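Beneath this line is the structure, given in structure tokens, with notes to follow.
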Amino acid sequence: MIVAPFTYNASASRVLFGPGRLAELGAELDRLAIRRAMLLSTPRQAVRAETVVRRLGDQAGGLYARATMHTPTDVTADALAQLKSAGCDGLVPLGGGSTIGLGKALALRTDLPQVAIPTTYAGSEMTPILGETEGGRKTTQRSPKVLPETVIYDVELTLSLPPGLSATSGLNAHAHAVEALYSRDANPIISVMAEEGIAALERSLLQIVRDPANRQARMDAQYGAWLCGACLGAVGMALHHKICHVLGGTFDLRHAETHTVMLPHVAAYNAEAAPDAMRRIERALGVERAAAGLFALNRSLGAPAALRDLGMPKPGIEQAVDLIMQAQFWNPRQVDRVALRAMLTRAWAGEPPKLG
Ligand code: NAD
């Protein structure tokens with residue numbers, strides 16, 4: 001590879017990685033001078049978060065357990081009211097991207113410090129990006145205020161992530177790395193992280209789906225997810241993230257599953273315009289064609305392949321085409337309405353990507 005001039009933005013967060021590191025949460029709160037932390041979770045992870053609250057004792061000021069996917073602003077307002085009445089001075093989101101998203105939305109409004117404890121592979125904890133939904137429209141902003149001060153990656157917390165969710169969450173992480181490789185501001189540091197992230201997830205996801213209690217595979221996947229999340233945080237994304245953002249916000253489709261379905265199609269569309277990125281993806285996956293390899297991985301993991309199976313109505317294709325074409329975004333290949341409609345139609349029906 002020939003190195004050309006580039007700009008590299010490093011994330012300013014501190015990472016504790018490894019089994020059992022959750023035990024260091026109290027010390028980490030002290031380090032950040034947080035005296036009364038508010039725990040955040042989804043309803044599904046409330047019991048686990050309550051255990052952490054009990055363990056923290058006086059260091060915890062309560063639990064808000066109604067985090068919701070796509071960060072609706074009414075949920076944030078409700079959590080903010082509880083945060084203020086409890087007099088908390090720090091946030092501990094414990095969960096997947098939905099919970100981390102709520103932590104970010106609260107940090108944006110209060111500037112409180114956060115110790116994020118991710119339990120999926122979505123990677124949001126590594127980015128200064130916040131997506132919020134209001135009135136069925138999802139908008140995204142970047143702010144250093146939302147980046148957690150510390151991230152604790154404890155593999156023990158991921159063992160309960162069901163195999164299906166593990167697969168789609170891991171493929172969601174893949175999407176960050178794939179688009180980072182052909183980003184407008186791609187750089188050699190992030191490209192190394194992206195390739196390593198894709199490879200770590202590729203070697204672990206199949207093992208996890210077969211044996212969800214495999215700690216080594218879980219740790220590899222979490223390491224890969226961290227790297228892929230860092231890619232998302234450091235460089236701009238392209239067509240794939242724009243499509244998923246529109247589909248998720250407009251049709252309330254599940255986030256990770258939407259990424260899973262779309263990624264092979266967008267990789268195929270961009271292949272000719274981004275040959276170096278494709279070579280790296282192929283090397284990381286050990287395949288000859290990146291898009292076909294991504295689709296084959298999706299199939300071998302038993303992940304969803306059709307937007308219609310996620311609940312997207314067929315007339316929604318035209319609506320999505322309109323919204324995506326109206327949006328401002330960069331992509332290595334120019335996006336035209338006819339190609340976009342064809343791609344979404346294939347993805348809606350669950351067909352393999354169209355290889356050039
Ligand atoms: P999620 O956080 O909604 O989690 C999915 C479900 O799995 C939830 O019910 C959750 O409670 C449960 N769960 C999570 N971890 C678990 C575990 N270890 N064991 C058992 N159950 C578990 O889903 P997600 O895909 O992680 O996050 C999606 C959200 O994150 C979306 O809103 C998306 O926009 C956002 N996101 C944001 C960024 C960013 O940089 N801003 C990046 C990626 C995702």
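Order determines the names: the first chain of the structure tokens is A, the second B, and so forth; residues in each chain are numbered 1 upward, and ligands are numbered 1 upward as they are shown.
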Helix (DSSP H, G or I) positions in stretch 65-293 of chain A, given as a PyMOL selection string: chain A and resi 73-86+97-110+124-126+144-146+155-158+163-181+188-210+215-234+239-251+255-273+275-285+290-293
Could you pull out the strand (DSSP E or B) residues of stretch 11-67 of chain A, going by DSSP on the backbone, and write them as a JSON list (two decimals) with C-alpha atoms, in the first residue's frame?
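Output saved as states_32.json:
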```
[["chain", "number", "residue", "atom", "x", "y", "z"],
["A", 14, "ARG", "CA", -10.79, 4.95, 27.83],
["A", 15, "VAL", "CA", -11.46, 1.22, 27.38],
["A", 16, "LEU", "CA", -11.45, -1.59, 29.95],
["A", 17, "PHE", "CA", -11.59, -4.86, 27.99],
["A", 37, "ALA", "CA", -24.73, 7.37, 38.83],
["A", 38, "MET", "CA", -27.98, 6.71, 37.01],
["A", 39, "LEU", "CA", -28.07, 3.23, 35.42],
["A", 40, "LEU", "CA", -29.83, 2.92, 32.06],
["A", 60, "ALA", "CA", -25.98, 4.49, 42.31],
["A", 61, "GLY", "CA", -28.86, 6.98, 42.21],
["A", 62, "GLY", "CA", -31.40, 4.82, 40.43],
["A", 63, "LEU", "CA", -32.27, 2.96, 37.26],
["A", 64, "TYR", "CA", -34.16, 4.09, 34.19]]
```
Taking into account only C-alpha atoms, which residue in the set A:Ser41, A:Gly164, A:Ala49, A:His255 is nearest to A:Ala79?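 Between A:Ser41, A:Gly164, A:Ala49, A:His255, the residue approaching A:Ala79 most closely is A:Ser41.
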Counting only C-alpha atoms and all ligand atoms, the option among A:Pro332, A:Pro162, A:Gly96, A:Gly103 closest to ligand 1: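 Ranked by minimum distance to ligand 1, first place goes to A:Gly96.
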Within 6 Å of ligand 1, counting only C-alpha atoms and all ligand atoms, residues as a PDB file with C-alpha atoms, in the first residue's frame:
```
ATOM      1  CA  THR A  42     -33.934  -1.622  28.201  1.00  0.00           C
ATOM      2  CA  ARG A  44     -35.318  -6.706  28.877  1.00  0.00           C
ATOM      3  CA  GLN A  45     -32.049  -6.038  30.709  1.00  0.00           C
ATOM      4  CA  MET A  69     -34.595   1.533  19.805  1.00  0.00           C
ATOM      5  CA  HIS A  70     -33.902   4.583  17.579  1.00  0.00           C
ATOM      6  CA  THR A  71     -33.827   6.878  20.675  1.00  0.00           C
ATOM      7  CA  GLY A  95     -26.999  -2.564  27.086  1.00  0.00           C
ATOM      8  CA  GLY A  96     -26.989  -2.475  23.315  1.00  0.00           C
ATOM      9  CA  GLY A  97     -27.121   0.480  20.961  1.00  0.00           C
ATOM     10  CA  SER A  98     -30.591   1.498  22.181  1.00  0.00           C
ATOM     11  CA  THR A  99     -29.400   1.975  25.751  1.00  0.00           C
ATOM     12  CA  THR A 119     -23.766  -5.822  25.627  1.00  0.00           C
ATOM     13  CA  THR A 120     -24.206  -6.130  21.835  1.00  0.00           C
ATOM     14  CA  ALA A 122     -23.492  -2.363  17.590  1.00  0.00           C
ATOM     15  CA  GLY A 123     -20.444  -0.191  18.399  1.00  0.00           C
ATOM     16  CA  SER A 124     -22.297   3.021  19.290  1.00  0.00           C
ATOM     17  CA  THR A 127     -18.810   7.068  18.273  1.00  0.00           C
ATOM     18  CA  ILE A 129     -22.812  10.124  16.785  1.00  0.00           C
ATOM     19  CA  LEU A 130     -26.349  10.350  18.149  1.00  0.00           C
ATOM     20  CA  GLY A 131     -29.414   9.337  16.144  1.00  0.00           C
ATOM     21  CA  LEU A 157     -22.429  -9.662  29.643  1.00  0.00           C
ATOM     22  CA  THR A 158     -22.574 -10.814  26.029  1.00  0.00           C
ATOM     23  CA  SER A 160     -26.806 -13.985  27.114  1.00  0.00           C
ATOM     24  CA  LEU A 161     -27.139 -12.288  23.722  1.00  0.00           C
ATOM     25  CA  SER A 169     -25.415  -7.352  15.670  1.00  0.00           C
ATOM     26  CA  HIS A 255     -31.648  -1.731  13.284  1.00  0.00           C
ATOM     27  CA  ALA A 256     -29.174  -4.616  13.162  1.00  0.00           C
TER      28      ALA A 256
END
```
Would you list the contacts of A:Ala234 as an mmCIF file with N, CA, C and O atoms, in the first residue's frame, taking every protein, DNA or RNA residue within 8 Å and counting only C-alpha atoms, but skipping same-chain residues closer than 4 positions in sequence?
```
data_model
loop_
_atom_site.group_PDB
_atom_site.id
_atom_site.type_symbol
_atom_site.label_atom_id
_atom_site.label_comp_id
_atom_site.auth_asym_id
_atom_site.auth_seq_id
_atom_site.Cartn_x
_atom_site.Cartn_y
_atom_site.Cartn_z
ATOM 1 N N TYR A 8 -6.506 11.911 10.709
ATOM 2 C CA TYR A 8 -6.972 10.831 11.586
ATOM 3 C C TYR A 8 -7.526 11.428 12.871
ATOM 4 O O TYR A 8 -6.839 12.194 13.551
ATOM 5 N N ASN A 9 -8.781 11.116 13.195
ATOM 6 C CA ASN A 9 -9.398 11.570 14.443
ATOM 7 C C ASN A 9 -9.435 10.405 15.417
ATOM 8 O O ASN A 9 -10.125 9.417 15.163
ATOM 9 N N ALA A 10 -8.716 10.507 16.539
ATOM 10 C CA ALA A 10 -8.743 9.441 17.542
ATOM 11 C C ALA A 10 -9.875 9.712 18.519
ATOM 12 O O ALA A 10 -10.143 10.854 18.872
ATOM 13 N N SER A 11 -10.534 8.640 18.952
ATOM 14 C CA SER A 11 -11.583 8.805 19.963
ATOM 15 C C SER A 11 -10.914 8.968 21.328
ATOM 16 O O SER A 11 -9.929 8.308 21.636
ATOM 17 N N THR A 127 -18.590 5.987 19.236
ATOM 18 C CA THR A 127 -18.810 7.068 18.273
ATOM 19 C C THR A 127 -19.361 8.341 18.924
ATOM 20 O O THR A 127 -20.103 8.258 19.901
ATOM 21 N N ILE A 190 -7.406 3.678 10.211
ATOM 22 C CA ILE A 190 -8.771 3.149 10.330
ATOM 23 C C ILE A 190 -8.947 1.928 9.421
ATOM 24 O O ILE A 190 -9.655 0.983 9.763
ATOM 25 N N ALA A 230 -15.158 1.876 16.347
ATOM 26 C CA ALA A 230 -14.172 2.961 16.256
ATOM 27 C C ALA A 230 -14.092 3.487 14.819
ATOM 28 O O ALA A 230 -13.915 4.693 14.592
#
```
Can you pull out the residues contacting A:Ala105? Cut-off 8 Å, using only C-alpha atoms, and skip same-chain residues under 4 positions away; I want them as a ChimeraX atom specification. /A:71,76,101,109,130,132,146
Would you put the residues from that selection into a file with all heavy atoms, as a PDB file, in the first residue's frame?
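For reference, again.pdb as written:
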```pdb
ATOM      1  N   THR A  71     -33.869   5.733  19.751  1.00  0.00           N
ATOM      2  CA  THR A  71     -33.827   6.878  20.675  1.00  0.00           C
ATOM      3  C   THR A  71     -34.964   7.896  20.452  1.00  0.00           C
ATOM      4  O   THR A  71     -34.706   9.044  20.062  1.00  0.00           O
ATOM      5  CB  THR A  71     -32.443   7.592  20.569  1.00  0.00           C
ATOM      6  OG1 THR A  71     -31.444   6.645  20.251  1.00  0.00           O
ATOM      7  CG2 THR A  71     -32.072   8.277  21.873  1.00  0.00           C
ATOM      8  N   THR A  76     -36.430  10.065  25.994  1.00  0.00           N
ATOM      9  CA  THR A  76     -35.312  10.850  26.537  1.00  0.00           C
ATOM     10  C   THR A  76     -35.833  11.900  27.532  1.00  0.00           C
ATOM     11  O   THR A  76     -35.256  12.082  28.616  1.00  0.00           O
ATOM     12  CB  THR A  76     -34.538  11.541  25.392  1.00  0.00           C
ATOM     13  OG1 THR A  76     -34.072  10.526  24.503  1.00  0.00           O
ATOM     14  CG2 THR A  76     -33.352  12.342  25.914  1.00  0.00           C
ATOM     15  N   GLY A 101     -27.609   4.724  23.158  1.00  0.00           N
ATOM     16  CA  GLY A 101     -28.205   5.899  22.508  1.00  0.00           C
ATOM     17  C   GLY A 101     -28.894   6.796  23.527  1.00  0.00           C
ATOM     18  O   GLY A 101     -28.766   8.027  23.471  1.00  0.00           O
ATOM     19  N   ARG A 109     -27.782  16.574  26.530  1.00  0.00           N
ATOM     20  CA  ARG A 109     -28.618  17.592  27.194  1.00  0.00           C
ATOM     21  C   ARG A 109     -28.070  18.043  28.545  1.00  0.00           C
ATOM     22  O   ARG A 109     -28.469  19.088  29.054  1.00  0.00           O
ATOM     23  CB  ARG A 109     -30.041  17.030  27.379  1.00  0.00           C
ATOM     24  CG  ARG A 109     -30.807  16.948  26.052  1.00  0.00           C
ATOM     25  CD  ARG A 109     -31.942  15.932  26.124  1.00  0.00           C
ATOM     26  NE  ARG A 109     -32.751  15.884  24.909  1.00  0.00           N
ATOM     27  CZ  ARG A 109     -32.422  15.245  23.785  1.00  0.00           C
ATOM     28  NH1 ARG A 109     -31.260  14.589  23.699  1.00  0.00           N
ATOM     29  NH2 ARG A 109     -33.226  15.238  22.739  1.00  0.00           N
ATOM     30  N   LEU A 130     -25.065  10.617  17.492  1.00  0.00           N
ATOM     31  CA  LEU A 130     -26.349  10.350  18.149  1.00  0.00           C
ATOM     32  C   LEU A 130     -27.456  10.423  17.105  1.00  0.00           C
ATOM     33  O   LEU A 130     -27.606  11.433  16.418  1.00  0.00           O
ATOM     34  CB  LEU A 130     -26.601  11.391  19.254  1.00  0.00           C
ATOM     35  CG  LEU A 130     -28.018  11.401  19.837  1.00  0.00           C
ATOM     36  CD1 LEU A 130     -28.331  10.086  20.559  1.00  0.00           C
ATOM     37  CD2 LEU A 130     -28.210  12.573  20.788  1.00  0.00           C
ATOM     38  N   GLU A 132     -31.563  10.286  16.726  1.00  0.00           N
ATOM     39  CA  GLU A 132     -32.776  10.424  17.539  1.00  0.00           C
ATOM     40  C   GLU A 132     -33.994  10.414  16.627  1.00  0.00           C
ATOM     41  O   GLU A 132     -33.911  10.852  15.476  1.00  0.00           O
ATOM     42  CB  GLU A 132     -32.764  11.740  18.315  1.00  0.00           C
ATOM     43  CG  GLU A 132     -31.645  11.836  19.319  1.00  0.00           C
ATOM     44  CD  GLU A 132     -31.749  13.102  20.163  1.00  0.00           C
ATOM     45  OE1 GLU A 132     -31.404  14.181  19.646  1.00  0.00           O
ATOM     46  OE2 GLU A 132     -32.179  13.001  21.314  1.00  0.00           O
ATOM     47  N   VAL A 146     -21.346  13.514  23.453  1.00  0.00           N
ATOM     48  CA  VAL A 146     -22.070  12.245  23.619  1.00  0.00           C
ATOM     49  C   VAL A 146     -21.136  11.039  23.748  1.00  0.00           C
ATOM     50  O   VAL A 146     -21.571   9.937  24.067  1.00  0.00           O
ATOM     51  CB  VAL A 146     -23.095  11.999  22.472  1.00  0.00           C
ATOM     52  CG1 VAL A 146     -24.010  13.196  22.302  1.00  0.00           C
ATOM     53  CG2 VAL A 146     -22.431  11.630  21.162  1.00  0.00           C
TER      54      VAL A 146
END
```
So, with only C-alpha atoms as the atoms that count, which of A:Leu294, A:Ile100, A:Ala12, A:Leu205 lies closest to A:Ala67?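 That would be A:Ile100, the residue with the smallest distance to A:Ala67.
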Please provide as JSON, numbers by chain all residues within 8 Å of A:Pro43, with the sequence filter that same-chain residues fewer than 3 positions apart are discarded (counting only C-alpha atoms). {"A": [46, 65, 66, 67]}
Using the selection just defined, write its residues with C-alpha atoms as a short mmCIF file (atom, residue, chain, number, x, y, z; two decimals), in the first residue's frame.
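Resulting contents of selection-v8.cif:
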```cif
data_model
loop_
_atom_site.label_atom_id
_atom_site.label_comp_id
_atom_site.auth_asym_id
_atom_site.auth_seq_id
_atom_site.Cartn_x
_atom_site.Cartn_y
_atom_site.Cartn_z
CA ALA A 46 -33.63 -4.37 33.77
CA ALA A 65 -35.09 0.87 32.34
CA ARG A 66 -37.15 2.08 29.39
CA ALA A 67 -34.47 2.64 26.73
#
```
Residues at most 9 Å from stretch 21-34 of chain A, counting only C-alpha atoms, excluding those fewer than 6 positions away in the same chain, as a list in words?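 These residues fall inside the cut-off: Val52, Arg55, Leu56, Gln59, Cys88, Asp89, Gly90, Leu91, Pro113, Gln114, Val115, Ile117, Glu149, Thr150, Ile152, Tyr153, Asp154, Val155, Glu156 and Leu157 of chain A.
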Preceding selection exported with C-alpha atoms as a JSON list (two decimals), in the first residue's frame:
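That gives us selection_38.json:
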```
[["chain", "number", "residue", "atom", "x", "y", "z"],
["A", 52, "VAL", "CA", -25.47, -3.56, 39.23],
["A", 55, "ARG", "CA", -23.73, -3.75, 43.92],
["A", 56, "LEU", "CA", -22.87, -0.05, 43.55],
["A", 59, "GLN", "CA", -22.69, 5.18, 44.17],
["A", 88, "CYS", "CA", -27.50, 12.06, 39.58],
["A", 89, "ASP", "CA", -24.14, 13.35, 38.34],
["A", 90, "GLY", "CA", -23.18, 10.58, 35.92],
["A", 91, "LEU", "CA", -24.63, 7.98, 33.55],
["A", 113, "PRO", "CA", -19.92, 11.93, 32.15],
["A", 114, "GLN", "CA", -20.69, 8.35, 31.11],
["A", 115, "VAL", "CA", -19.31, 4.88, 31.71],
["A", 117, "ILE", "CA", -21.17, -0.95, 29.22],
["A", 149, "GLU", "CA", -15.61, 8.86, 28.92],
["A", 150, "THR", "CA", -15.04, 5.16, 29.68],
["A", 152, "ILE", "CA", -16.21, -1.36, 29.83],
["A", 153, "TYR", "CA", -16.25, -4.38, 27.51],
["A", 154, "ASP", "CA", -17.01, -7.37, 29.74],
["A", 155, "VAL", "CA", -17.50, -10.53, 27.71],
["A", 156, "GLU", "CA", -19.61, -12.09, 30.47],
["A", 157, "LEU", "CA", -22.43, -9.66, 29.64]]
```
Minimum-distance residue to A:Leu285, chosen among A:Gln216, A:Thr68, A:Gln82, A:Ser204 (using only C-alpha atoms): A:Ser204
